[in-house]
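Data block below; observations after.
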2 protein chains.
Amino acid sequence: MKLLRSHLGGAWVEGGPGRAKLVNPATEEPLAEVATGGWELAAALGFARTTGGPALRALTFAQRGELIKALADLYQAHREELLDLAVANGGNTRGDAKFDVDGAIFTLSTYAELGKSIGARTVLADGEGIQLGRSPRFHGQHLLVPRQGVAIHINAFNFPAWGTAEKAATALLAGMPVLSKPATSSALVAARMVELAVEKQVLPAGAFSLLVGGVGDLLDHVGPQDVVAFTGSSDTAQKIRVLPSMVHNSVRLNVEADSLNAAVLGPDLDPDSETYGLYVKDVVRDMTQKAGQKCTAIRRLLVPADKADRLRDDLIERLQAVTVGNPAHDGVRMGPLATAAQRDSVREGIDLLARDGRLVFGSFEVKAVGAPDGKGFFVGPTLIEVEPGADAPSVHGHEVFGPAATVVPYSGRAAEAAALVARGGGGLVSSVYSEDVAWVGEAVMGLAPYHGRVFLGSAKIAEASPGPGTVLPQLVHGGPGRAGGGEELGGPRGLEFYMQRVALEGSRPVIERIAGLTTTS
Amino acid sequence: MKLLRSHLGGAWVEGGPGRAKLVNPATEEPLAEVATGGWELAAALGFARTTGGPALRALTFAQRGELIKALADLYQAHREELLDLAVANGGNTRGDAKFDVDGAIFTLSTYAELGKSIGARTVLADGEGIQLGRSPRFHGQHLLVPRQGVAIHINAFNFPAWGTAEKAATALLAGMPVLSKPATSSALVAARMVELAVEKQVLPAGAFSLLVGGVGDLLDHVGPQDVVAFTGSSDTAQKIRVLPSMVHNSVRLNVEADSLNAAVLGPDLDPDSETYGLYVKDVVRDMTQKAGQKCTAIRRLLVPADKADRLRDDLIERLQAVTVGNPAHDGVRMGPLATAAQRDSVREGIDLLARDGRLVFGSFEVKAVGAPDGKGFFVGPTLIEVEPGADAPSVHGHEVFGPAATVVPYSGRAAEAAALVARGGGGLVSSVYSEDVAWVGEAVMGLAPYHGRVFLGSAKIAEASPGPGTVLPQLVHGGPGRAGGGEELGGPRGLEFYMQRVALEGSRPVIERIAGLTTTS
């Protein structure tokens, strides 16, 4: 069987003798093996710091942008191959796979463009110069400079292409070398992406390392100039946060974790309206795309109590039409979950949520089209509903990372909706669907402190919008509290995590000259 | 004896029966008592969240700025009283006390002005609007909105006025209520500041709470919308960082901790030059002001090897003239350390550093003018020097928080200086003194990734500059790694810690209307 290798210290390495298997989650057929450990990770980080870092920092933003553009072009050229890997190893339908791979390419392209627009500089000016004394001579200027460590990226299983690319794009553009650790279960896509970059020598040596398989003692070797960006569960995030090496070195950590994203239907919408239709469409997409395994997927459906029955029925009608099965099979609209453990966790979660109300659609007996009997990690689309005013602690406190959502009736008041959503303890994105601008304003301002993004669903943007579940590189992605307190992307904002902000204080002409502000701005 | 009370839940409370004493560190004379615990802290945080927060959020930035201006005016009106308290309880000379109290007033005034300049808004636009699709209708806009929790401020003993004020100014302007916990040993100044604000009803109820004495279980009650800003030792910071409540809720934590600030003398400077003179002056000020108890004080003196003897002799000459003693006494230029524990820790630290080289000035036998025999926590100015090329692990790894610095000879090469400074593992501020712009550029860019601020010492700014040891509200204060990885102040940048960045995504006219961008920008 094929052994996926890691790219560490500038070389392909196999790791120790322990092995784990990657399978097709629709058929449980083995696809590849990875080592469970046996790496030289201190040396790998050292190589990235001393070889990859200086090479990237010697380039301008425009030049780094060109490298990122070359990555985007490379993945575009190998798109079919990556899609096939995603279908086989990720349980993705072809549409799911495109969402991941095309999202990766788009994000790389966006950051390549950003590099071009920043131009021939190696540091970023942060704001305007500041006169500090009575004379304009005594001057301050904030700069952003690349951190001189490694950007360690620990990605989730659900977006092997996009997750790898969005983190790499920002770090590389900022001037930091990347060590990327994809989730083992779906590592084929990310591993191939790094392999392609290495084969084609797109990046300087040491700029893009890969660790597939066991993470070993990687995080015991982090230093004060390194950063760690983690996407995954709150439990794992909390373990990383308290590691002595992380704490002792004040290592910057960005976390994207659990999120109980809500979609609030406004009281003004008639079920025949286009915006109501958009709501239903966005909910069904988020429940079924990637089998609901999106950190941004809608989990809680806040609907005015007088429309809850109608919404439930409309959703059930749509969900009944979703064919679940092996995504390699024609006509399948939703694939399996990524692993047996995920399937079990989703089933337990659905049981928990159903105890807050009742299961109105779905069962654990799934007819999976095109999958061998009894094989594959399938859970069908599942809808739960709770009573108006129900406490529903699990609905507001437990994320089910699969194709499940809960109808939560509310009064129609914006403040009540915001308070209910806030019970999620902080999220990545929530959405408000309404054409009543005053009502939207109240709801949005209530939701804003608890989210990294608020999506305003409206007929006016129905055609252009990919829905709340799609992360755009131009907007920040992250959220407070349960969501991890992190922030990625957001165009130039994403660079800041990988850079040190430093205030220069001194004589104005000297500062402007050494910061390159007099020659290139 | 006077009992300092806490202001919690909108009322003055005495706490439990346990008592700790505040003393005059020059005479060890008791000044006041505080309770060591017995607070209702969950309720106090709840009151701030539900009473202080909404009241502040209902105001515009301009209105919050007016409140902060009123605080500044209040402290200006009571300046003499605050200075007297700082001299008695802080071991401050009158100059030290002014540095603290006037710094507090200046920082409040600066943030008051910022509020005025932001104007009649309740949220901040973060960057320009972004076209997200082919049509300009599908639109994104990042906003900053106040977080709906409490800003918990845990301050260090060395700047009871400035530390309290700079944190409060930023949080209040951002729209968050403050619970301020001054260090117990020097709490008289901060306690009086809150007392004055409460007496004069400058702020809404619940907007400015005070906890003096034992911190109790305060941090067990933090939630995902709260933030904690801590200034103090790395050890304490690390304990806070791993508290289950902090980790579980992804509570934002800003840390300002240890820092081995360096001042690099350039190879171009003749000892008769004005810039060399400025270097000596800044070093002596940082060693003696506040008895060296400034987190920004210069600890490591990097000097070209051929000028090390001269610098040492020049510093000794100046340090010999420093009269140490009771700061209430005329002619005393340097007071005691804040506590007996600090004195012991500084003595141990000096012993440690001296083992890396040798003690060239200072002894533990201090003639303290105006202090009762054997009383007071005095350590005199102390200079250590190491050999060129010495490994000196303690000099580069251990902060002595007192009037001590170490002469570290180097080759004169900018890259070597930057590498030596980087051995400090990340700092708040380092400085470069030179008139050779190319050399300064190389040194500054080498230092930048390791610092929150880099000061460029030059004759050109000698008259206007307060030196590297003074934190200015317009520039960020903080640093990576050992310094805690935090960032405060920096004008508007300081607000972000207290606000949630949220991306609005939807129809452009709706977003611009609800964000108030069409009416007030």
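Residue numbers start at 1 in each chain; chains themselves are named A, B, ... in the order of the structure tokens; ligands are numbered from 1 in the order shown.
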Which of range 211-307 of chain A fall in strand (DSSP E or B), as a compact mmCIF listing (two decimals) with all heavy atoms, in the first residue's frame:
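The file below, selection-v2.txt, is the result:
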# COMPACT_ATOMS: atom_id res chain seq x y z
N VAL A 227 4.40 30.61 15.38
CA VAL A 227 2.96 30.77 15.59
C VAL A 227 2.29 29.45 15.27
O VAL A 227 2.80 28.67 14.46
CB VAL A 227 2.35 31.91 14.72
CG1 VAL A 227 3.08 33.22 14.95
CG2 VAL A 227 2.38 31.55 13.25
N VAL A 228 1.17 29.23 15.90
CA VAL A 228 0.40 28.01 15.66
C VAL A 228 -1.02 28.41 15.29
O VAL A 228 -1.67 29.17 16.01
CB VAL A 228 0.37 27.10 16.91
CG1 VAL A 228 -0.49 25.87 16.66
CG2 VAL A 228 1.79 26.69 17.32
N ALA A 229 -1.48 27.92 14.16
CA ALA A 229 -2.87 28.13 13.76
C ALA A 229 -3.55 26.77 13.72
O ALA A 229 -3.11 25.87 13.01
CB ALA A 229 -2.95 28.81 12.40
N PHE A 230 -4.58 26.64 14.52
CA PHE A 230 -5.25 25.36 14.69
C PHE A 230 -6.72 25.47 14.28
O PHE A 230 -7.42 26.39 14.71
CB PHE A 230 -5.17 24.92 16.16
CG PHE A 230 -6.04 23.74 16.48
CD1 PHE A 230 -5.61 22.45 16.19
CD2 PHE A 230 -7.28 23.91 17.06
CE1 PHE A 230 -6.42 21.35 16.46
CE2 PHE A 230 -8.10 22.82 17.34
CZ PHE A 230 -7.66 21.53 17.04
N THR A 231 -7.17 24.53 13.49
CA THR A 231 -8.59 24.40 13.21
C THR A 231 -9.02 22.99 13.61
O THR A 231 -8.41 22.02 13.16
CB THR A 231 -8.89 24.63 11.72
OG1 THR A 231 -8.48 25.94 11.35
CG2 THR A 231 -10.38 24.48 11.42
N ARG A 252 2.03 32.64 19.86
CA ARG A 252 0.75 33.06 19.30
C ARG A 252 -0.01 31.84 18.81
O ARG A 252 0.53 31.04 18.05
CB ARG A 252 0.97 33.97 18.10
CG ARG A 252 1.12 35.38 18.47
CD ARG A 252 0.99 36.25 17.22
NE ARG A 252 1.54 37.55 17.53
CZ ARG A 252 1.75 38.49 16.63
NH1 ARG A 252 1.46 38.26 15.35
NH2 ARG A 252 2.24 39.64 16.98
N LEU A 253 -1.27 31.77 19.22
CA LEU A 253 -2.11 30.64 18.83
C LEU A 253 -3.41 31.18 18.27
O LEU A 253 -4.07 32.00 18.91
CB LEU A 253 -2.39 29.77 20.06
CG LEU A 253 -3.40 28.64 19.88
CD1 LEU A 253 -2.91 27.60 18.88
CD2 LEU A 253 -3.69 27.98 21.23
N ASN A 254 -3.75 30.75 17.09
CA ASN A 254 -5.05 31.09 16.54
C ASN A 254 -5.90 29.83 16.50
O ASN A 254 -5.47 28.80 15.97
CB ASN A 254 -4.91 31.65 15.12
CG ASN A 254 -6.20 32.33 14.67
OD1 ASN A 254 -6.48 33.45 15.06
ND2 ASN A 254 -7.00 31.63 13.88
N VAL A 255 -7.08 29.92 17.05
CA VAL A 255 -7.97 28.76 17.13
C VAL A 255 -9.28 29.03 16.39
O VAL A 255 -9.91 30.06 16.60
CB VAL A 255 -8.28 28.40 18.61
CG1 VAL A 255 -9.39 27.36 18.69
CG2 VAL A 255 -7.03 27.90 19.31
N GLU A 256 -9.63 28.07 15.52
CA GLU A 256 -10.99 28.03 14.96
C GLU A 256 -11.59 26.74 15.46
O GLU A 256 -11.16 25.66 15.07
CB GLU A 256 -10.98 27.98 13.43
CG GLU A 256 -10.12 28.99 12.73
CD GLU A 256 -10.73 30.36 12.71
OE1 GLU A 256 -11.93 30.48 12.98
OE2 GLU A 256 -9.98 31.32 12.44
N ALA A 262 -26.11 30.12 13.79
CA ALA A 262 -27.56 30.23 13.72
C ALA A 262 -27.97 31.00 12.47
O ALA A 262 -27.22 31.85 11.98
CB ALA A 262 -28.09 30.95 14.96
N ALA A 263 -29.15 30.67 11.96
CA ALA A 263 -29.75 31.46 10.88
C ALA A 263 -31.12 31.93 11.39
O ALA A 263 -31.97 31.10 11.73
CB ALA A 263 -29.91 30.63 9.61
N VAL A 264 -31.28 33.25 11.45
CA VAL A 264 -32.50 33.82 12.01
C VAL A 264 -33.40 34.27 10.88
O VAL A 264 -33.00 35.07 10.03
CB VAL A 264 -32.17 35.03 12.92
CG1 VAL A 264 -33.45 35.56 13.56
CG2 VAL A 264 -31.13 34.66 13.97
N LEU A 265 -34.62 33.74 10.88
CA LEU A 265 -35.61 34.17 9.89
C LEU A 265 -36.40 35.35 10.48
O LEU A 265 -36.93 35.25 11.59
CB LEU A 265 -36.55 32.99 9.59
CG LEU A 265 -37.53 33.17 8.43
CD1 LEU A 265 -36.81 33.15 7.08
CD2 LEU A 265 -38.60 32.08 8.46
N ARG A 300 -28.54 26.04 14.00
CA ARG A 300 -29.76 26.43 14.72
C ARG A 300 -30.61 27.31 13.81
O ARG A 300 -30.11 28.31 13.27
CB ARG A 300 -29.38 27.19 16.00
CG ARG A 300 -28.64 26.31 17.01
CD ARG A 300 -28.30 27.10 18.27
NE ARG A 300 -27.26 28.10 18.03
CZ ARG A 300 -26.99 29.11 18.84
NH1 ARG A 300 -27.71 29.28 19.94
NH2 ARG A 300 -26.03 29.96 18.55
N LEU A 301 -31.86 26.94 13.66
CA LEU A 301 -32.76 27.64 12.74
C LEU A 301 -33.76 28.42 13.57
O LEU A 301 -34.77 27.86 14.04
CB LEU A 301 -33.47 26.62 11.85
CG LEU A 301 -32.56 25.52 11.27
CD1 LEU A 301 -33.38 24.51 10.45
CD2 LEU A 301 -31.45 26.13 10.42
N LEU A 302 -33.49 29.69 13.78
CA LEU A 302 -34.42 30.51 14.57
C LEU A 302 -35.52 31.03 13.66
O LEU A 302 -35.25 31.78 12.72
CB LEU A 302 -33.67 31.66 15.24
CG LEU A 302 -33.11 31.31 16.62
CD1 LEU A 302 -31.96 30.33 16.53
CD2 LEU A 302 -32.70 32.56 17.38
N VAL A 303 -36.72 30.64 13.97
CA VAL A 303 -37.85 30.96 13.10
C VAL A 303 -39.01 31.47 13.95
O VAL A 303 -39.27 30.93 15.04
CB VAL A 303 -38.24 29.70 12.27
CG1 VAL A 303 -38.43 28.50 13.18
CG2 VAL A 303 -39.48 29.93 11.44
N PRO A 304 -39.70 32.52 13.50
CA PRO A 304 -40.86 33.00 14.25
C PRO A 304 -41.83 31.83 14.49
O PRO A 304 -42.08 31.03 13.58
CB PRO A 304 -41.47 34.05 13.32
CG PRO A 304 -40.30 34.55 12.52
CD PRO A 304 -39.42 33.35 12.31
Next on the checklist: Only residues of chain B matter here; which ones have an atom within 7 Å of chain A, counting only C-alpha atoms? Give them as a ChimeraX atom specification.
Outcome noted: /B:133,137-138,145-148,224,238,242,247-251,425,437,441,448-449,451-457,460-461,464,475-476,480-482,484-485,500-507,510,514
Next on the checklist: What does the structure give for the distance between CA of Arg347 in chain B and CA of Pro372 in chain B, in Å to one decimal?
Outcome noted: 20.6 Å
Item to check | Contacts of Gly103 in chain B within 12 Å, only C-alpha atoms, excl. fewer than 5 positions in-chain, as a ChimeraX atom specification | outcome: /B:72,75-76,79,83,95-98,108-110,159-166,466,470-473
Could you write out that same residue set with N, CA, C and O atoms as a tab-separated table (two decimals), in the first residue's frame?
chain	number	residue	atom	x	y	z
B	72	ALA	N	-9.60	62.70	33.62
B	72	ALA	CA	-8.30	63.38	33.53
B	72	ALA	C	-8.33	64.69	34.33
B	72	ALA	O	-7.41	64.99	35.10
B	75	TYR	N	-8.27	64.03	38.10
B	75	TYR	CA	-6.95	63.65	38.63
B	75	TYR	C	-5.99	64.84	38.57
B	75	TYR	O	-5.11	64.98	39.42
B	76	GLN	N	-6.18	65.71	37.60
B	76	GLN	CA	-5.37	66.93	37.56
B	76	GLN	C	-5.70	67.79	38.79
B	76	GLN	O	-4.80	68.32	39.44
B	79	ARG	N	-4.05	66.28	41.82
B	79	ARG	CA	-2.69	65.81	41.52
B	79	ARG	C	-1.79	65.80	42.75
B	79	ARG	O	-1.09	64.83	43.00
B	83	LEU	N	0.19	62.63	44.20
B	83	LEU	CA	1.66	62.61	44.28
B	83	LEU	C	2.10	62.26	45.70
B	83	LEU	O	3.02	61.46	45.89
B	95	GLY	N	9.72	63.23	41.52
B	95	GLY	CA	9.86	63.07	40.07
B	95	GLY	C	9.24	61.76	39.60
B	95	GLY	O	8.53	61.71	38.59
B	96	ASP	N	9.53	60.69	40.35
B	96	ASP	CA	8.92	59.38	40.02
B	96	ASP	C	7.40	59.46	40.06
B	96	ASP	O	6.70	58.91	39.20
B	97	ALA	N	6.92	60.11	41.10
B	97	ALA	CA	5.46	60.19	41.29
B	97	ALA	C	4.81	60.98	40.16
B	97	ALA	O	3.75	60.60	39.65
B	98	LYS	N	5.48	62.07	39.74
B	98	LYS	CA	4.94	62.84	38.61
B	98	LYS	C	4.93	62.01	37.35
B	98	LYS	O	4.00	62.08	36.54
B	108	LEU	N	-5.05	59.48	29.73
B	108	LEU	CA	-6.50	59.73	29.74
B	108	LEU	C	-6.85	60.83	28.74
B	108	LEU	O	-7.80	60.70	27.96
B	109	SER	N	-6.08	61.91	28.76
B	109	SER	CA	-6.37	63.04	27.86
B	109	SER	C	-6.24	62.61	26.40
B	109	SER	O	-7.05	63.02	25.55
B	110	THR	N	-5.25	61.78	26.11
B	110	THR	CA	-5.04	61.33	24.73
B	110	THR	C	-6.24	60.51	24.26
B	110	THR	O	-6.72	60.68	23.13
B	159	PHE	N	3.42	51.11	38.67
B	159	PHE	CA	2.72	52.28	38.14
B	159	PHE	C	1.25	52.25	38.54
B	159	PHE	O	0.38	52.01	37.70
B	160	PRO	N	0.95	52.50	39.80
B	160	PRO	CA	-0.45	52.40	40.24
B	160	PRO	C	-1.35	53.41	39.54
B	160	PRO	O	-2.52	53.09	39.25
B	161	ALA	N	-0.85	54.59	39.22
B	161	ALA	CA	-1.70	55.58	38.56
B	161	ALA	C	-1.75	55.33	37.06
B	161	ALA	O	-2.82	55.15	36.47
B	162	TRP	N	-0.58	55.29	36.44
B	162	TRP	CA	-0.52	55.15	34.98
B	162	TRP	C	-1.13	53.83	34.54
B	162	TRP	O	-1.91	53.78	33.58
B	163	GLY	N	-0.77	52.74	35.22
B	163	GLY	CA	-1.28	51.42	34.83
B	163	GLY	C	-2.79	51.37	34.90
B	163	GLY	O	-3.47	50.87	33.99
B	164	THR	N	-3.35	51.89	35.98
B	164	THR	CA	-4.80	51.93	36.12
B	164	THR	C	-5.43	52.76	35.01
B	164	THR	O	-6.42	52.36	34.39
B	165	ALA	N	-4.84	53.94	34.78
B	165	ALA	CA	-5.45	54.88	33.84
B	165	ALA	C	-5.32	54.43	32.39
B	165	ALA	O	-6.27	54.57	31.60
B	166	GLU	N	-4.15	53.90	32.00
B	166	GLU	CA	-3.99	53.58	30.58
B	166	GLU	C	-4.91	52.42	30.19
B	166	GLU	O	-5.50	52.43	29.11
B	466	PRO	N	11.58	61.67	25.49
B	466	PRO	CA	11.59	61.25	26.89
B	466	PRO	C	12.44	59.99	27.10
B	466	PRO	O	12.49	59.48	28.20
B	470	THR	N	9.96	55.58	28.40
B	470	THR	CA	8.64	56.19	28.57
B	470	THR	C	7.67	55.64	27.55
B	470	THR	O	7.91	55.71	26.34
B	471	VAL	N	6.58	55.09	28.03
B	471	VAL	CA	5.54	54.57	27.15
B	471	VAL	C	4.64	55.73	26.72
B	471	VAL	O	4.17	56.49	27.57
B	472	LEU	N	4.43	55.86	25.43
B	472	LEU	CA	3.56	56.93	24.92
B	472	LEU	C	2.23	56.33	24.47
B	472	LEU	O	2.21	55.28	23.83
B	473	PRO	N	1.13	56.99	24.78
B	473	PRO	CA	-0.17	56.40	24.42
B	473	PRO	C	-0.39	56.28	22.92
B	473	PRO	O	-1.21	55.48	22.48
Next on the checklist: For the structure I just gave you, how does DSSP split range 257-449 of chain B - specifically, which residues are helix (DSSP H, G or I)? Reply as an MDAnalysis selection string.
Outcome noted: chainID B and resid 274:292 305:320 340:356 414:422 437:449
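Note that the spacing between CA of Ser411 in chain A and CA of Asp268 in chain A amounts to 12.1 Å.
Nearest residue to Thr50 in chain A among A:Ala305, A:Leu22, A:Leu319, A:Ala207 is A:Ala207, counting only C-alpha atoms.
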Checklist outcome for this item: Computed gap from CA of Gln293 in chain A to CA of Gly90 in chain A is 10.7 Å
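Considering the residues A:Asp356, A:Asp100, A:Asp330, A:Glu385 and counting only C-alpha atoms, Asp313 in chain A has its shortest atom-to-atom contact with A:Glu385.
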